[in-house]
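Below is one structure, written out as structure tokens, with a few remarks after it.
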Amino acid sequence: MSSQLEQLQSAVLAALEHLVAEGLLDAQIPASIVLERPKNRDHGDYATSIALQLAKTAGKNPRDIAQLIADQLHTAESISRVDIAGPGFINITLNRASQAELVTVILNSSADYGKGNALAGVRINLEFISANPTGPLHLGHTRWAAVGDALGRVLSAAGADVTREFYINDRGNQMDLFGASVEAAALGKPIPDDGYQGAYISDLAKEVVAANSAITLLPEGTRHEAFREAAYAVQLKDQQRVLDTFGTHFDVWFSERSLHEQGAVEHGLEKLRKQGHVFEEEGAVWLRTTDFGDDKDRVLTKSDRSLTYFSSDTAYYINKRERGFDICIYMLGADHHGYVGRLKAIAACAGDNPDYNIHVLIGQLVKIMEGGEEVKLSKRAGTIITLEELVEKVGVDAARYTLIRYPVDTPMVMDIDVLKRNTNENPVYYVQYAHARIAAVLRNAEELKISLDAKDFDSTQLSHDRENELLGVLAQFPRVVASAAELRQPHRVARYLEELAGVYHGFYADCRVLPMGEENPSALHTARLLLCASTKQVIANGLALLGVSAPERM
């Protein structure tokens, strides 16, 4: 069943097609009609500026075009009023019964309400976190663990075929230092000055030795490699365990080593060479990324023939595209701003469209406050607080929701004290409480033997302004999900849920939902209860997109 918004868009398009066919309007009909919810509900349920958009090419006054469209729309059964405002805006008011039919749509659609097909057929590779396997996941990783997972859910809801990928940085000097640090701890020696510190190194050393007591007896060179590989396996498994408890799951764990072991780096270099953007200078091999906006050309192979990290970046992007992904999304930390230009330049050098085939998101820093002071130290890592420690403090739901509800390109502060409170100050509690409150109301209705079957819904019963306001917000959900996917901004879903919870509380305060005392249940009670049920469904759908639970009781 098409949504109310889609039906209205179709009505406006049909009006335009009729006007063009009758010779009353000479204009190119757009592929789609943009309809917005007016901030002032006195201006109707929906508004469109289509008349202003068509005025120049049609050679007509926009108000005249608006009037022609309005005359056509007046015949639609679902529309009660069409007004023209300002220079040619068209404000549309739906009749209340038609507006209320949304309840039936939501209840019948159930968990699918809000999903769309804007990205149907598009294959997306979503890479996020991509931490070194040399330590616990810290707060920066935690933000991406929440936001990246939510973005994947939102993109899937918009119809995309999404593969969530973790790029394991398991090659290079940091791996050797990691192995040397664990080895030193196991042998009771000082950890190298440039090695890894923190209690977790000692924990890793004990676990490695417990699994293979003979490892300390190996010859020095062999022993170092054995410690590095064993500690790598243990630490990676621990990262996967922590992410699993956080509700973040990956389809692919991609090893950087595999790019080199399978010849992907050489293959990528050859492909770029064929595109004409590779050159040699002073014995080194370069990629001319400045042709596409990068601040400087990048070295692929040094004069000593060793490969740079940038060569892995290029090979990895080409590998993704050759696996059939249309769009590659990279989610990087605050210290990776310089990567945006070079990654887009890689796409352009490979012959792709950097404005479509690649999208880079930069996440800003997170600060944790507790007891009025910033929390900086980790018991386990010795430096910044870890994902696991944050979850221990506030729980999975509060951590995920709070990290997701802010735009990623802005720094954020998490106040642990607020997140522990069961008050409206706590955003996740505020939304979850609305869901639990509705669940309690519906349980009461069942005890009173009031029908909650959608077939018993009478849309003509809902005429109160609070009901209309709530219906209006519920109608926005599919558009919110679509825009969150299009703009790569899952925080829009969280903010929408907070608005919906607030509007629901206002409706519940002003509209009697359950019968009082000996009052017999009426069709109005049933209609309002089913409006509550549809609201509960939308809150649950929204929370599911954020990977947050929708409790029935609190």
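Residues in the structure tokens are named by chain (A, B, ... in the order shown) and by number from 1 within that chain; ligands are numbered from 1 in the order shown.
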Next on the checklist: Env of Val473 of chain A: 9 Å cut, atoms = only C-alpha atoms, seq-sep filter 6 positions within chain, self excluded. Answer as a list in words.
Outcome noted: Arg37, Tyr496, Glu499, Leu500 and Val503 of chain A
Next on the checklist: Just want the 12 Å neighbourhood of Glu22 of chain A, counted on only C-alpha atoms, with same-chain residues fewer than 6 positions away dropped. Output as a PyMOL selection string.
Outcome noted: chain A and resi 15-16+68
Checklist entry - In terms of the shortest atom-to-atom distance over only C-alpha atoms, which of A:Arg257, A:Leu387, A:Val162, A:Val285 is closest to Asp238 of chain A? => result A:Leu387
Next on the checklist: Need the shell around segment 134-144 of chain A: protein/DNA/RNA residues with any atom at most 8 Å away, counting only C-alpha atoms. Skip same-chain ones fewer than 4 positions apart. Format as a ChimeraX atom specification?
Outcome noted: /A:128-129,148-149,174-175,178,200,232,235,238-239,331,333,363,365-366,381,384-388,390,400,403-404
Next on the checklist: Would you pick out the contacts of segment 511-521 of chain A at 12 Å or less, using only C-alpha atoms, so that residues sharing its chain but fewer than 6 positions from it are not included, and give the list as a VMD selection string?
Outcome noted: chain A and resid 438 440 to 452 462 to 468 470 503 to 505 527 to 533
Write out the residues from the selection above, keeping C-alpha atoms, as a tab-separated table (two decimals), in the first residue's frame.
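Contents of the output file out-v4.tsv:
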chain	number	residue	atom	x	y	z
A	438	ILE	CA	1.87	2.74	25.20
A	440	ALA	CA	0.96	-0.56	29.29
A	441	VAL	CA	-2.08	1.26	27.85
A	442	LEU	CA	-2.64	-1.50	25.31
A	443	ARG	CA	-2.36	-4.18	28.03
A	444	ASN	CA	-5.05	-2.32	29.99
A	445	ALA	CA	-7.24	-2.24	26.88
A	446	GLU	CA	-6.90	-5.99	26.45
A	447	GLU	CA	-7.92	-6.52	30.08
A	448	LEU	CA	-11.02	-4.43	29.35
A	449	LYS	CA	-11.73	-6.61	26.29
A	450	ILE	CA	-11.47	-3.63	23.91
A	451	SER	CA	-10.76	-4.65	20.33
A	452	LEU	CA	-7.30	-3.81	19.04
A	462	LEU	CA	-10.29	10.94	14.97
A	463	SER	CA	-10.98	14.66	14.69
A	464	HIS	CA	-9.19	16.21	17.68
A	465	ASP	CA	-6.31	18.59	16.91
A	466	ARG	CA	-3.94	16.50	19.07
A	467	GLU	CA	-4.87	13.40	17.07
A	468	ASN	CA	-4.25	15.23	13.83
A	470	LEU	CA	0.19	12.97	16.07
A	503	VAL	CA	3.75	14.77	20.56
A	504	TYR	CA	2.40	11.44	21.84
A	505	HIS	CA	2.63	12.58	25.45
A	527	ALA	CA	-9.73	4.42	17.28
A	528	ARG	CA	-7.52	6.17	19.80
A	529	LEU	CA	-6.08	2.89	21.07
A	530	LEU	CA	-5.20	1.88	17.53
A	531	LEU	CA	-3.59	5.30	17.05
A	532	CYS	CA	-1.55	4.47	20.17
A	533	ALA	CA	-0.66	1.07	18.70
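In this structure, atom CA of Asn353 of chain A sits 15.0 Å away from atom CA of Val122 of chain A.
The space between atom CA of Ala398 of chain A and atom CA of Asn541 of chain A spans 17.2 Å.
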Checklist entry - Which of segment 119-326 of chain A counts as strand (DSSP E) under DSSP, as a list in words please? => result Arg123, Ile124, Asn125, Leu126, Glu127, Asp161, Val162, Thr163, Arg164, Glu165, Phe166, Tyr167, Ile168, Val252, Trp253, Phe254, Ser255, Val278, Phe279, Glu280, Glu281, Ala284, Val285, Trp286, Leu287, Arg298, Val299, Leu300 and Thr301 of chain A
Mind checking which residues fall within 8 Å of Ile327 of chain A, counting only C-alpha atoms, ignoring those fewer than 6 positions away in the same chain, and posting them as a PDB file with C-alpha atoms, in the first residue's frame?
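Resulting contents of around-v4.pdb:
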ATOM      1  CA  VAL A 122      22.415   0.001  -5.159  1.00  0.00           C
ATOM      2  CA  ARG A 123      25.250  -2.038  -3.629  1.00  0.00           C
ATOM      3  CA  ILE A 124      27.015  -0.158  -0.828  1.00  0.00           C
ATOM      4  CA  ASN A 125      30.227  -1.047   0.986  1.00  0.00           C
ATOM      5  CA  TYR A 356      28.901   9.309  -6.382  1.00  0.00           C
ATOM      6  CA  ASN A 357      31.121   6.263  -6.003  1.00  0.00           C
ATOM      7  CA  ILE A 358      32.839   7.332  -2.794  1.00  0.00           C
ATOM      8  CA  HIS A 359      31.609   9.076   0.339  1.00  0.00           C
TER       9      HIS A 359
END
Next on the checklist: Which of segment 229-307 of chain A end up as alpha helix (DSSP H) when DSSP is run on this backbone - answer as a PyMOL selection string?
Outcome noted: chain A and resi 229-245+256-261+264-274
Those residues you just picked out, can you put them in a file as a short mmCIF file (atom, residue, chain, number, x, y, z; two decimals), in the first residue's frame with N, CA and C atoms?
data_model
loop_
_atom_site.label_atom_id
_atom_site.label_comp_id
_atom_site.auth_asym_id
_atom_site.auth_seq_id
_atom_site.Cartn_x
_atom_site.Cartn_y
_atom_site.Cartn_z
N GLU A 229 51.75 -12.89 16.26
CA GLU A 229 50.60 -13.52 15.62
C GLU A 229 49.59 -14.02 16.66
N ALA A 230 50.11 -14.58 17.76
CA ALA A 230 49.20 -15.08 18.79
C ALA A 230 48.45 -13.94 19.47
N ALA A 231 49.17 -12.85 19.79
CA ALA A 231 48.53 -11.70 20.43
C ALA A 231 47.53 -11.03 19.48
N TYR A 232 47.88 -10.98 18.19
CA TYR A 232 46.99 -10.43 17.17
C TYR A 232 45.67 -11.20 17.15
N ALA A 233 45.75 -12.53 17.14
CA ALA A 233 44.54 -13.36 17.08
C ALA A 233 43.68 -13.15 18.32
N VAL A 234 44.31 -13.07 19.48
CA VAL A 234 43.55 -12.89 20.73
C VAL A 234 42.89 -11.52 20.77
N GLN A 235 43.65 -10.47 20.38
CA GLN A 235 43.11 -9.11 20.45
C GLN A 235 41.98 -8.91 19.45
N LEU A 236 42.13 -9.46 18.24
CA LEU A 236 41.08 -9.33 17.24
C LEU A 236 39.81 -10.04 17.71
N LYS A 237 39.98 -11.22 18.28
CA LYS A 237 38.83 -11.96 18.79
C LYS A 237 38.14 -11.17 19.90
N ASP A 238 38.93 -10.47 20.72
CA ASP A 238 38.35 -9.67 21.80
C ASP A 238 37.58 -8.48 21.24
N GLN A 239 38.12 -7.84 20.19
CA GLN A 239 37.39 -6.73 19.55
C GLN A 239 36.06 -7.23 19.00
N GLN A 240 36.08 -8.41 18.39
CA GLN A 240 34.85 -8.97 17.82
C GLN A 240 33.84 -9.29 18.93
N ARG A 241 34.33 -9.80 20.04
CA ARG A 241 33.46 -10.10 21.18
C ARG A 241 32.79 -8.84 21.71
N VAL A 242 33.57 -7.78 21.90
CA VAL A 242 33.05 -6.53 22.45
C VAL A 242 32.01 -5.93 21.50
N LEU A 243 32.30 -5.94 20.20
CA LEU A 243 31.36 -5.39 19.23
C LEU A 243 30.08 -6.21 19.18
N ASP A 244 30.21 -7.52 19.37
CA ASP A 244 29.03 -8.38 19.37
C ASP A 244 28.11 -8.02 20.54
N THR A 245 28.69 -7.78 21.71
CA THR A 245 27.87 -7.40 22.87
C THR A 245 27.27 -6.01 22.69
N GLU A 256 44.29 -6.19 5.78
CA GLU A 256 45.19 -5.42 4.93
C GLU A 256 46.26 -6.33 4.33
N ARG A 257 46.72 -7.30 5.11
CA ARG A 257 47.75 -8.22 4.62
C ARG A 257 47.31 -8.91 3.33
N SER A 258 46.02 -9.26 3.27
CA SER A 258 45.53 -10.02 2.12
C SER A 258 45.70 -9.24 0.81
N LEU A 259 45.65 -7.91 0.89
CA LEU A 259 45.86 -7.10 -0.32
C LEU A 259 47.24 -7.37 -0.91
N HIS A 260 48.22 -7.52 -0.03
CA HIS A 260 49.60 -7.73 -0.48
C HIS A 260 49.85 -9.19 -0.83
N GLU A 261 49.26 -10.08 -0.07
CA GLU A 261 49.49 -11.51 -0.30
C GLU A 261 48.83 -12.00 -1.59
N ALA A 264 46.86 -7.76 -4.88
CA ALA A 264 45.89 -6.70 -5.16
C ALA A 264 46.56 -5.33 -5.30
N VAL A 265 47.68 -5.13 -4.59
CA VAL A 265 48.36 -3.83 -4.67
C VAL A 265 48.95 -3.64 -6.06
N GLU A 266 49.63 -4.66 -6.56
CA GLU A 266 50.21 -4.57 -7.91
C GLU A 266 49.11 -4.44 -8.96
N HIS A 267 48.01 -5.16 -8.76
CA HIS A 267 46.88 -5.08 -9.70
C HIS A 267 46.30 -3.67 -9.72
N GLY A 268 46.13 -3.08 -8.54
CA GLY A 268 45.61 -1.72 -8.46
C GLY A 268 46.53 -0.72 -9.12
N LEU A 269 47.81 -0.88 -8.90
CA LEU A 269 48.79 0.02 -9.50
C LEU A 269 48.72 -0.06 -11.02
N GLU A 270 48.58 -1.26 -11.55
CA GLU A 270 48.52 -1.43 -12.99
C GLU A 270 47.25 -0.80 -13.57
N LYS A 271 46.15 -0.94 -12.85
CA LYS A 271 44.90 -0.34 -13.32
C LYS A 271 45.01 1.19 -13.37
N LEU A 272 45.60 1.78 -12.33
CA LEU A 272 45.77 3.23 -12.30
C LEU A 272 46.73 3.69 -13.38
N ARG A 273 47.74 2.86 -13.65
CA ARG A 273 48.70 3.20 -14.70
C ARG A 273 48.01 3.27 -16.06
N LYS A 274 47.08 2.34 -16.30
CA LYS A 274 46.34 2.32 -17.57
C LYS A 274 45.44 3.54 -17.70
#
Checklist outcome for this item: One decimal place gives the atom CA of Asp352 of chain A-atom CA of Phe310 of chain A separation as 18.0 Å
Item to check | Test item: residues at most 12 Å from Ser306 of chain A, only C-alpha atoms, excluding those fewer than 3 positions along its chain, as a ChimeraX atom specification | outcome: /A:172,260,265,283-285,299-303,309-312
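For the choices A:Cys349, A:Ile191, A:Val480, A:Ala211, the atom-to-atom distance to Gly116 of chain A is smallest for A:Val480 when using only C-alpha atoms.
Nearest to Thr460 of chain A of all the residues A:Asp193, A:Glu281, A:Asp112, A:Glu101 is A:Glu101, based on only C-alpha atoms.
Using only C-alpha atoms for every distance, the candidate list A:Arg288, A:Glu183, A:Glu469, A:Glu322 yields A:Glu469 as the residue closest to Lys39 of chain A.
Using only C-alpha atoms, the smallest distance between any of A:Thr248, A:His336, A:Ile346, A:Pro490 and Leu287 of chain A comes from A:Ile346.
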